[in-house]
>>> print(open('target19.pdb').read())   # PDB, C-alpha atoms
ATOM      1  CA  MET A   1      30.645 -48.320  23.598
ATOM      2  CA  ARG A   2      30.566 -44.810  24.955
ATOM      3  CA  LYS A   3      30.856 -43.440  21.402
ATOM      4  CA  ARG A   4      27.701 -45.350  20.351
ATOM      5  CA  ALA A   5      25.729 -44.092  23.316
ATOM      6  CA  LEU A   6      26.966 -40.570  22.710
ATOM      7  CA  GLY A   7      26.142 -40.814  18.983
ATOM      8  CA  GLY A   8      22.644 -42.131  19.737
ATOM      9  CA  ALA A   9      22.013 -39.335  22.220
ATOM     10  CA  MET A  10      23.204 -36.720  19.704
ATOM     11  CA  ALA A  11      20.912 -38.113  17.000
ATOM     12  CA  ALA A  12      17.933 -38.070  19.344
ATOM     13  CA  PHE A  13      18.742 -34.527  20.424
ATOM     14  CA  LEU A  14      19.023 -33.290  16.827
ATOM     15  CA  LEU A  15      15.759 -34.947  15.784
ATOM     16  CA  ALA A  16      13.938 -33.475  18.765
ATOM     17  CA  GLY A  17      14.921 -29.999  17.598
ATOM     18  CA  CYS A  18      13.077 -30.527  14.304
ATOM     19  CA  ALA A  19       9.784 -31.589  15.842
ATOM     20  CA  GLY A  20       7.143 -29.223  17.135
ATOM     21  CA  SER A  21       8.231 -25.996  15.460
ATOM     22  CA  PRO A  22       5.420 -23.417  15.364
ATOM     23  CA  ALA A  23       3.567 -22.824  12.114
ATOM     24  CA  PRO A  24       4.508 -19.610  10.276
ATOM     25  CA  ASP A  25       2.098 -16.704  10.472
ATOM     26  CA  GLU A  26      -0.466 -16.601   7.717
ATOM     27  CA  ALA A  27      -0.324 -13.807   5.148
ATOM     28  CA  PRO A  28      -2.831 -11.001   5.703
ATOM     29  CA  PRO A  29      -5.921 -11.130   3.511
ATOM     30  CA  PRO A  30      -5.911  -8.999   0.359
ATOM     31  CA  PRO A  31      -7.726  -5.675   0.547
ATOM     32  CA  SER A  32     -11.420  -5.907  -0.112
ATOM     33  CA  MET A  33     -12.820  -4.508  -3.311
ATOM     34  CA  SER A  34     -14.759  -1.930  -1.275
ATOM     35  CA  GLN A  35     -11.498   0.014  -0.871
ATOM     36  CA  ASP A  36     -11.551   1.069  -4.527
ATOM     37  CA  ASP A  37     -12.768   4.534  -3.521
ATOM     38  CA  ALA A  38     -11.417   4.731   0.020
ATOM     39  CA  CYS A  39     -10.005   8.211  -0.678
ATOM     40  CA  GLY A  40     -13.268   9.652  -2.051
ATOM     41  CA  ALA A  41     -12.051  10.241  -5.626
ATOM     42  CA  ASP A  42     -15.433   9.330  -7.135
ATOM     43  CA  THR A  43     -17.092  12.319  -5.485
ATOM     44  CA  LEU A  44     -14.383  14.749  -6.679
ATOM     45  CA  GLN A  45     -14.672  14.264 -10.442
ATOM     46  CA  ASP A  46     -16.044  17.817 -10.861
ATOM     47  CA  TYR A  47     -12.486  19.078 -10.233
ATOM     48  CA  ILE A  48     -11.288  17.559 -13.527
ATOM     49  CA  GLY A  49     -10.448  20.374 -15.930
ATOM     50  CA  GLN A  50      -9.710  22.903 -13.182
ATOM     51  CA  HIS A  51      -6.307  24.519 -12.731
ATOM     52  CA  ALA A  52      -4.409  22.876  -9.840
ATOM     53  CA  ASP A  53      -3.135  25.822  -7.842
ATOM     54  CA  GLU A  54      -2.455  25.721  -4.094
ATOM     55  CA  ALA A  55      -6.042  26.649  -3.226
ATOM     56  CA  THR A  56      -7.508  23.902  -5.428
ATOM     57  CA  VAL A  57      -5.220  21.234  -3.978
ATOM     58  CA  ALA A  58      -6.051  22.430  -0.445
ATOM     59  CA  GLN A  59      -9.761  22.179  -1.276
ATOM     60  CA  LEU A  60      -9.237  18.630  -2.603
ATOM     61  CA  GLU A  61      -7.570  17.726   0.688
ATOM     62  CA  THR A  62     -10.589  19.084   2.570
ATOM     63  CA  ASP A  63     -13.266  17.568   0.315
ATOM     64  CA  SER A  64     -11.703  14.111  -0.014
ATOM     65  CA  ASP A  65     -11.625  11.222   2.447
ATOM     66  CA  ALA A  66      -7.902  10.838   1.745
ATOM     67  CA  ASP A  67      -5.242  10.795   4.438
ATOM     68  CA  ARG A  68      -2.806  12.361   1.955
ATOM     69  CA  VAL A  69      -2.901  13.929  -1.497
ATOM     70  CA  ARG A  70      -0.230  13.342  -4.143
ATOM     71  CA  VAL A  71       0.048  15.717  -7.100
ATOM     72  CA  ILE A  72       1.554  14.017 -10.162
ATOM     73  CA  ARG A  73       2.868  16.057 -13.076
ATOM     74  CA  PRO A  74       3.644  14.644 -16.555
ATOM     75  CA  ASP A  75       6.797  12.494 -16.654
ATOM     76  CA  GLN A  76       7.236  12.802 -12.878
ATOM     77  CA  ALA A  77       8.644   9.711 -11.172
ATOM     78  CA  VAL A  78       6.346   8.310  -8.469
ATOM     79  CA  THR A  79       6.411   5.281  -6.228
ATOM     80  CA  MET A  80       4.360   2.291  -7.323
ATOM     81  CA  ASP A  81       3.046   1.434  -3.860
ATOM     82  CA  TYR A  82      -0.725   1.315  -3.605
ATOM     83  CA  ARG A  83      -2.347   3.271  -0.779
ATOM     84  CA  ALA A  84      -6.126   3.181  -0.833
ATOM     85  CA  ASP A  85      -6.255   6.229   1.434
ATOM     86  CA  ARG A  86      -4.157   8.438  -0.895
ATOM     87  CA  LEU A  87      -5.690  10.723  -3.535
ATOM     88  CA  ASN A  88      -3.640  10.989  -6.734
ATOM     89  CA  VAL A  89      -4.150  14.268  -8.610
ATOM     90  CA  LYS A  90      -2.782  13.772 -12.134
ATOM     91  CA  LEU A  91      -2.022  16.966 -14.061
ATOM     92  CA  ASP A  92      -1.278  17.862 -17.673
ATOM     93  CA  ASP A  93       1.462  20.227 -18.927
ATOM     94  CA  GLN A  94      -0.584  23.326 -17.970
ATOM     95  CA  ASP A  95      -1.286  22.063 -14.401
ATOM     96  CA  THR A  96      -4.875  21.221 -15.308
ATOM     97  CA  ILE A  97      -6.364  18.271 -13.419
ATOM     98  CA  ASP A  98      -6.696  15.320 -15.820
ATOM     99  CA  GLU A  99      -7.526  12.501 -13.430
ATOM    100  CA  LEU A 100      -8.339  11.858  -9.760
ATOM    101  CA  THR A 101      -7.768   8.348  -8.433
ATOM    102  CA  CYS A 102      -7.104   6.541  -5.186
ATOM    103  CA  GLY A 103      -3.814   4.782  -4.776
TER     104      GLY A 103
END
>>> encode(input="target19.pdb", output="structure tokens")
Amino acid sequence: MRKRALGGAMAAFLLAGCAGSPAPDEAPPPPSMSQDDACGADTLQDYIGQHADEATVAQLETDSDADRVRVIRPDQAVTMDYRADRLNVKLDDQDTIDELTCG
């Protein structure tokens, strides 16, 4: 008789542990489409075709709204993470600026 009472109490205890658990946090909303030019790349398109020396890259840092600037050379490995506040300066083989994008 004690085993039945003990078994019933254990079952009730275990079931009580399953009830009332908090809901998981919701995922953050996706970035809005207005972040497409968060780094200011659209206003810097006049730099395309210029040689990317230290002075030019420093001027891009000053003129852009970017928190950081990443210079990407041909066949260079880069991370695939997207950062709206980062300016990507893509170069050709002669260190000429080919493309300026956020990301």
>>> resolve_selection(input="target19.pdb", expression="the PyMOL selection byres ((chain A and resi 76-90) around 8)", output="VMD selection string")
chain A and resid 35 to 41 64 to 75 91 to 92 97 to 103
>>> residues_around(input="target19.pdb", residues="Gln50 (chain A)", least_positions_apart="3", cutoff="9 Å", atoms="all atoms listed in the file", output="list in words")
Asp46, Tyr47, Asp53, Thr56, Asp95, Thr96, Ile97 and Asp98 of chain A
>>> atom_distance(input="target19.pdb", atom1="CA of Ala52 (chain A)", atom2="CA of Gln94 (chain A)")
9.0 Å
>>> atom_distance(input="target19.pdb", atom1="CA of Asp42 (chain A)", atom2="CA of Ala58 (chain A)")
17.4 Å
>>> axis_aligned_box(input="target19.pdb", around="region 41-60 of chain A", padding_each_side="6 Å", output="AutoDock Vina command-line options")
--center_x -9.8 --center_y 18.0 --center_z -8.2 --size_x 26.6 --size_y 29.3 --size_z 27.5
